[in-house]
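What follows is a single structure, written as structure tokens, with notes after it.
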Amino acid sequence: MTPHTLTPAVARRDSTSESRVALVRPKKPLRWITTAAVAAAVVGLHAVAIEGTDFKPGLLVDGWKGMAAFIGDAFPPDLSWEKTLRPGLEATLVTLWIGLLGTTLSVPSALLLAALAANNTSPHRLVYQAARAILSFFRAVPDIVFALIFVTAVGLGPFAGVLALICHNTGVMGKLWAESMEEIDAGPQEALRTAGANRIQQVANATLPMVVPQFVGLLLYRFDVNVRSSLVLGLVGAGGIGLLINQSIKSFQFDSMLTHILIVLVLIIVVDQFSAWIRRRLAA
Amino acid sequence: MPLSVHGLRKSFNGRTVLKGVDFSVAAGELVAFLGANGSGKSTTLRCVMGITNPDSGSISIDGTALETLQGRELQQARQRMAMIFQKIHLVPRRTALDNVCAGALSRIPTVRSLSSLLLPADVQQEALDCLDRVGLADRAFDRVGRLSGGQQQRVAVARALCQRADVVLADEPVSALDPHAAEQVMALLRELAHSEGLAVAAVLHQPDLALRYADRSIGLLHGSMTFDLPSTEITADHLDTLYAPDRDVSDRDVSDRTQAA
Ligand SMILES: Nc1ncnc2c1ncn2[C@@H]1O[C@H](COP(=O)(O)OP(=O)(O)O)[C@@H](O)[C@H]1O
Ligand SMILES: [Mg+2]
């Protein structure tokens with residue numbers, strides 16, 4: 001279409017022709033002051049944080065020799081079967097089992113607390129608040145603290161690690177599950193309510209079936225995280241490969257330490273790939 | 001009368017949305033609600049279902065006013081009404097049969113409704129029969145998410161049947177469906193009214209569906225009824241009053257736009 005064939009109504013949309021409405025952005029005079037204040041606050045916080053953590057990159061430069069010696073000692077990794085590889089593989093399996101049980105055994109408690117702590121499934125405001133508080137507590141106490149507590153009760157070993165993960169994971173997974181339930185489409189639940197279903201029936205027949213994919217995805221994610229956590233728990237005596245890494249460092253066997261770390265690397269990649277594979281199949 | 005409603009009034013935040021709505025639906029009758037967006041059609045159905053609390057008005061089921069009932073009796077009376085939604089509101093991951101069984105939940109002990117494996121056999125058989133009545137018995141074990149929109153809405157109708165409702169309220173049941181599926185669902189609703197004696201009230205977006213399928217049509221304009229007539233007596237004038245461009249100055253949105261132009 002050539003310009004002179006345009007009807008007036010269409011021609012008015014042409015940017016070169018005169019507009020009938022003026023473009024005036026509403027003025028926000030305090031905008032730049034707010035921006036400057038936020039920037040100043042961020043810079044100030046970083047200054048305090050650098051001071052508070054003794055953050056001195058110079059130390060790293062001066063100390064490079066120590067690090068080089070450490071790494072030099074670690075190479076080549078010790079691949080002797082009896083002394084390092086076999087104990088390492090066995091301990092890695094223990095680490096995997098700690099992560100697995102810590103995840104699966106926290107499912108019932110996390111599920112119950114999630115249902116009580118999601119506003120669309122909770123039976124009462126007070127129950128909701130109480131469940132939220134319990135979840136917050138289990139989430140706020142780090143798994144390593146739980147591990148130290150359980151070690152004093154059941155002694156050193158993987159059992160303490162499993163108990164610690166159950167506690168912490170209940171808090172985290174319960175919170176994540178509660179949130180995914182709150183985000184779910186409320187329609188099917190409302191439909192069952194109008195059909196006369198009670199609260200538990202609504203949750204069991206609409207809300208939970210709707211969130212299964214999200215729940216399984218989060219469960220796998222937590223399994224992934226928990227396997228890595230159980231490594232750290234080994235450092236405080238809760239068994240597994242973490243314990244071996246700790247021992248090899250303490251006895252200056254850095255080549256064994258490196259072997260253990262390489263085994264851990266393989267474990268983490270395998271677990272990661274496995275959970276990604278399952279999540280892909282769920283999404284399909 | 002399975003359902004009769006008198007003087008239904010409702011306001012949200014001081015704005016009156018229903019200004020006294022009176023209607024009834026007889027057994028064996030399909031009644032259509034027509035009206036522009038915001039005229040109060042959904043609010044009417046939601047008040048009748050008890051999803052929204054009306055400010056005043058009386059709702060009677062088989063001559064019993066709901067406001068005279070309490071607790072278990074009120075719940076039982078309400079369960080004689082089932083609702084069909086525009087967005088269908090089934091659980092896509094569950095089978096058609098499980099979704100239909102959910103209509104019977106109020107008759108099933110809570111422990112037996114926690115998993116589809118625990119559902120009583122007679123409920124499952126009844127649900128299958130309901131699916132058969134909507135023509136989908138062969139899809140009973142398919143996940144609902146794999147069915148077409150029209151089939152899903154028919155599963156929702158089967159769920160209402162499994163609830164043993166004798167009043168079915170449908171809020172734009174076919175607005176999200178393609179024309180062919182819309183015809184199928186409307187034909188099903190009409191058949192349930194005519195041959196099974198259900199009282200069916202449906203909010204419809206397209207007047208032509210109402211004229212072709214409904215026995216009676218009710219027009220709502222700004223929360224008031226403008227007509228309640230056999231569908232054969234509805235004229236273009238009737239419809240024009242419902243959908244004509246808004247001349248009401250109280251409607252701020254429209255008056256703003258008029259000033260700007
Ligand atoms: N829960 C609510 N809170 C506030 N306003 C509402 C609510 N539900 C409906 N309304 C208002 O009531 C009016 C009628 O709505 P509705 O019954 O949904 O109309 P329709 O279904 O005829 O399109 C609309 O103006 C809507 O904004
Ligand atoms: Mg509506």
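Simple scheme: letters A, B, ... for chains in structure tokens order, numbers from 1 for residues in each chain, numbers from 1 for ligands in the order shown.
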
Would you kindly report the residues of chain B within 10 Å of chain A, using only C-alpha atoms, as a ChimeraX atom specification? /B:46,49-51,75-76,78-85,87-94,98-99,101-116,156,159-160,162-165,260

As a quick test: using only C-alpha atoms and all ligand atoms, which residues lie no more than 10 Å away from ligand 2? Give them as a PyMOL selection string. chain B and resi 35-46+85-86+171-172+203-205

For all heavy atoms, I'd like the residues from the last selection saved as a short mmCIF file (atom, residue, chain, number, x, y, z; two decimals), in the first residue's frame.
data_model
loop_
_atom_site.label_atom_id
_atom_site.label_comp_id
_atom_site.auth_asym_id
_atom_site.auth_seq_id
_atom_site.Cartn_x
_atom_site.Cartn_y
_atom_site.Cartn_z
N GLY B 35 -25.85 -13.48 29.10
CA GLY B 35 -25.53 -12.15 29.61
C GLY B 35 -24.10 -11.81 29.29
O GLY B 35 -23.27 -12.69 29.06
N ALA B 36 -23.83 -10.49 29.26
CA ALA B 36 -22.48 -10.03 28.94
C ALA B 36 -21.52 -10.40 30.08
O ALA B 36 -21.96 -10.79 31.17
CB ALA B 36 -22.47 -8.51 28.74
N ASN B 37 -20.22 -10.29 29.84
CA ASN B 37 -19.23 -10.53 30.89
C ASN B 37 -19.50 -9.62 32.07
O ASN B 37 -19.78 -8.44 31.89
CB ASN B 37 -17.81 -10.24 30.37
CG ASN B 37 -17.29 -11.39 29.54
OD1 ASN B 37 -17.74 -12.53 29.70
ND2 ASN B 37 -16.36 -11.10 28.66
N GLY B 38 -19.47 -10.18 33.26
CA GLY B 38 -19.65 -9.36 34.45
C GLY B 38 -21.09 -9.13 34.82
O GLY B 38 -21.38 -8.40 35.77
N SER B 39 -22.02 -9.75 34.10
CA SER B 39 -23.43 -9.50 34.41
C SER B 39 -23.89 -10.29 35.63
O SER B 39 -24.99 -10.08 36.12
CB SER B 39 -24.30 -9.84 33.20
OG SER B 39 -24.06 -11.16 32.79
N GLY B 40 -23.07 -11.22 36.11
CA GLY B 40 -23.40 -11.92 37.35
C GLY B 40 -23.82 -13.37 37.17
O GLY B 40 -24.32 -14.00 38.11
N LYS B 41 -23.57 -13.93 35.99
CA LYS B 41 -23.99 -15.32 35.73
C LYS B 41 -23.25 -16.29 36.64
O LYS B 41 -23.86 -17.12 37.31
CB LYS B 41 -23.74 -15.67 34.26
CG LYS B 41 -24.34 -14.68 33.27
CD LYS B 41 -24.02 -15.04 31.83
CE LYS B 41 -22.53 -15.04 31.50
NZ LYS B 41 -21.90 -13.72 31.50
N SER B 42 -21.92 -16.17 36.66
CA SER B 42 -21.13 -17.10 37.49
C SER B 42 -21.47 -16.92 38.96
O SER B 42 -21.59 -17.90 39.70
CB SER B 42 -19.64 -16.87 37.28
OG SER B 42 -19.28 -17.14 35.96
N THR B 43 -21.61 -15.66 39.38
CA THR B 43 -21.92 -15.41 40.79
C THR B 43 -23.24 -16.07 41.17
O THR B 43 -23.37 -16.63 42.26
CB THR B 43 -21.95 -13.89 41.05
OG1 THR B 43 -20.72 -13.33 40.60
CG2 THR B 43 -22.13 -13.60 42.52
N THR B 44 -24.21 -16.02 40.26
CA THR B 44 -25.48 -16.67 40.53
C THR B 44 -25.27 -18.16 40.80
O THR B 44 -25.72 -18.68 41.84
CB THR B 44 -26.44 -16.49 39.33
OG1 THR B 44 -26.60 -15.11 39.07
CG2 THR B 44 -27.79 -17.13 39.60
N LEU B 45 -24.57 -18.84 39.90
CA LEU B 45 -24.37 -20.27 40.07
C LEU B 45 -23.56 -20.56 41.33
O LEU B 45 -23.85 -21.51 42.07
CB LEU B 45 -23.66 -20.89 38.86
CG LEU B 45 -24.39 -20.90 37.52
CD1 LEU B 45 -23.77 -21.91 36.57
CD2 LEU B 45 -25.86 -21.19 37.69
N ARG B 46 -22.55 -19.73 41.59
CA ARG B 46 -21.69 -19.99 42.75
C ARG B 46 -22.48 -19.79 44.06
O ARG B 46 -22.22 -20.48 45.04
CB ARG B 46 -20.45 -19.09 42.70
CG ARG B 46 -19.51 -19.48 41.54
CD ARG B 46 -18.38 -18.50 41.36
NE ARG B 46 -17.40 -18.56 42.44
CZ ARG B 46 -16.38 -19.42 42.44
NH1 ARG B 46 -16.21 -20.24 41.44
NH2 ARG B 46 -15.55 -19.44 43.45
N PHE B 85 -17.56 -27.05 35.33
CA PHE B 85 -16.79 -25.81 35.21
C PHE B 85 -16.25 -25.62 33.79
O PHE B 85 -15.98 -26.59 33.08
CB PHE B 85 -15.60 -25.84 36.16
CG PHE B 85 -15.96 -26.04 37.61
CD1 PHE B 85 -16.15 -27.31 38.12
CD2 PHE B 85 -16.11 -24.95 38.47
CE1 PHE B 85 -16.49 -27.51 39.45
CE2 PHE B 85 -16.45 -25.13 39.80
CZ PHE B 85 -16.64 -26.41 40.29
N GLN B 86 -16.07 -24.36 33.42
CA GLN B 86 -15.47 -24.07 32.11
C GLN B 86 -14.09 -24.71 32.01
O GLN B 86 -13.73 -25.28 30.99
CB GLN B 86 -15.35 -22.55 31.91
CG GLN B 86 -14.65 -22.19 30.62
CD GLN B 86 -14.48 -20.70 30.44
OE1 GLN B 86 -14.98 -19.90 31.23
NE2 GLN B 86 -13.77 -20.31 29.40
N ASP B 171 -21.13 -23.83 34.42
CA ASP B 171 -20.68 -22.46 34.15
C ASP B 171 -19.82 -22.44 32.89
O ASP B 171 -18.67 -22.85 32.92
CB ASP B 171 -19.89 -21.92 35.35
CG ASP B 171 -19.67 -20.42 35.25
OD1 ASP B 171 -20.09 -19.83 34.22
OD2 ASP B 171 -19.10 -19.84 36.19
N GLU B 172 -20.40 -21.98 31.81
CA GLU B 172 -19.73 -21.95 30.51
C GLU B 172 -19.07 -23.29 30.19
O GLU B 172 -17.86 -23.36 29.93
CB GLU B 172 -18.68 -20.82 30.47
CG GLU B 172 -19.30 -19.47 30.79
CD GLU B 172 -18.52 -18.31 30.19
OE1 GLU B 172 -17.74 -18.57 29.26
OE2 GLU B 172 -18.71 -17.18 30.64
N VAL B 203 -24.68 -21.71 32.05
CA VAL B 203 -24.30 -20.40 31.54
C VAL B 203 -23.70 -20.61 30.17
O VAL B 203 -22.82 -21.47 30.00
CB VAL B 203 -23.26 -19.75 32.46
CG1 VAL B 203 -22.70 -18.49 31.82
CG2 VAL B 203 -23.86 -19.45 33.83
N LEU B 204 -24.20 -19.89 29.17
CA LEU B 204 -23.67 -20.08 27.82
C LEU B 204 -23.16 -18.77 27.26
O LEU B 204 -23.76 -17.71 27.48
CB LEU B 204 -24.76 -20.65 26.91
CG LEU B 204 -25.24 -22.07 27.26
CD1 LEU B 204 -26.37 -22.49 26.34
CD2 LEU B 204 -24.07 -23.05 27.17
N HIS B 205 -22.05 -18.86 26.57
CA HIS B 205 -21.45 -17.67 26.00
C HIS B 205 -22.09 -17.34 24.65
O HIS B 205 -22.17 -16.19 24.26
CB HIS B 205 -19.95 -17.92 25.83
CG HIS B 205 -19.14 -16.68 25.92
ND1 HIS B 205 -19.11 -15.90 27.05
CD2 HIS B 205 -18.33 -16.09 25.03
CE1 HIS B 205 -18.32 -14.88 26.84
NE2 HIS B 205 -17.83 -14.96 25.63
#

Select from segment 148-223 of chain A everything DSSP, run on the backbone, classes as alpha helix (DSSP H), then give the selection as a VMD selection string. chain A and resid 148 to 154 158 to 182 187 to 194 199 to 202 208 to 223

Nearest-residue call for His6 of chain B, choices B:Pro173, B:His194, B:Val144, B:Met225, using only C-alpha atoms: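 Nearest to His6 of chain B: B:Met225.
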
Excluding same-chain residues fewer than 6 positions from Val134 of chain B, what lies within 12 Å of it counting only C-alpha atoms, as a short mmCIF file (atom, residue, chain, number, x, y, z; two decimals) with C-alpha atoms, in the first residue's frame?
data_model
loop_
_atom_site.label_atom_id
_atom_site.label_comp_id
_atom_site.auth_asym_id
_atom_site.auth_seq_id
_atom_site.Cartn_x
_atom_site.Cartn_y
_atom_site.Cartn_z
CA ALA B 96 -11.16 -41.09 33.69
CA VAL B 100 -15.51 -40.05 38.00
CA ALA B 127 -18.53 -44.76 37.84
CA LEU B 128 -18.04 -46.97 34.81
CA ALA B 140 -12.21 -45.45 31.43
CA GLY B 150 -14.72 -32.31 24.73
CA GLN B 151 -14.08 -35.77 26.12
CA GLN B 152 -12.73 -34.25 29.34
CA GLN B 153 -15.86 -32.17 29.79
CA ARG B 154 -17.96 -35.31 29.27
CA VAL B 155 -15.90 -37.04 31.97
CA ALA B 156 -16.73 -34.08 34.23
CA VAL B 157 -20.41 -34.62 33.44
CA ALA B 158 -19.98 -38.29 34.34
CA ARG B 159 -18.47 -37.20 37.66
CA ALA B 160 -21.61 -35.12 38.31
CA LEU B 161 -23.73 -38.20 37.50
CA CYS B 162 -21.64 -40.32 39.86
CA GLN B 184 -21.59 -32.80 21.60
CA VAL B 185 -21.51 -31.58 25.20
CA MET B 186 -24.64 -29.46 24.74
CA ALA B 187 -26.45 -32.45 23.22
CA LEU B 188 -25.36 -34.55 26.17
CA LEU B 189 -26.64 -31.99 28.70
CA ARG B 190 -29.94 -31.76 26.87
CA GLU B 191 -30.26 -35.52 26.76
CA LEU B 192 -29.56 -35.83 30.48
#

Segment 28-33 of chain B: which residues within 8 Å, counting only C-alpha atoms, same-chain residues fewer than 3 positions away excluded, as a PyMOL selection string? chain B and resi 25+41+189-190+192-204+210+213-220

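Nearest to ligand 1 of all the residues B:Leu97, B:Val21, B:Leu209, B:Leu34 is B:Leu34, based on only C-alpha atoms and all ligand atoms.
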
Neighbouring residues of segment 112-125 of chain A were defined as those with any atom within 6 Å, considering only C-alpha atoms; residues of the same chain fewer than 2 positions away were excluded. Please report them as a VMD selection string. chain A and resid 109 to 110 127 to 128 131 to 132 174 177 to 178 182

Among listed residues B:Arg72, B:Thr52, B:Leu8, B:Ser58, nearest ligand 1 (using only C-alpha atoms and all ligand atoms):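 Checking each of B:Arg72, B:Thr52, B:Leu8, B:Ser58 against ligand 1, counting only C-alpha atoms and all ligand atoms, the winner is B:Thr52.
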
If you run DSSP on the backbone here, which positions in segment 141-220 of chain B get strand (DSSP E)? Please write them as a ChimeraX atom specification. /B:167-171,199-203,216-220
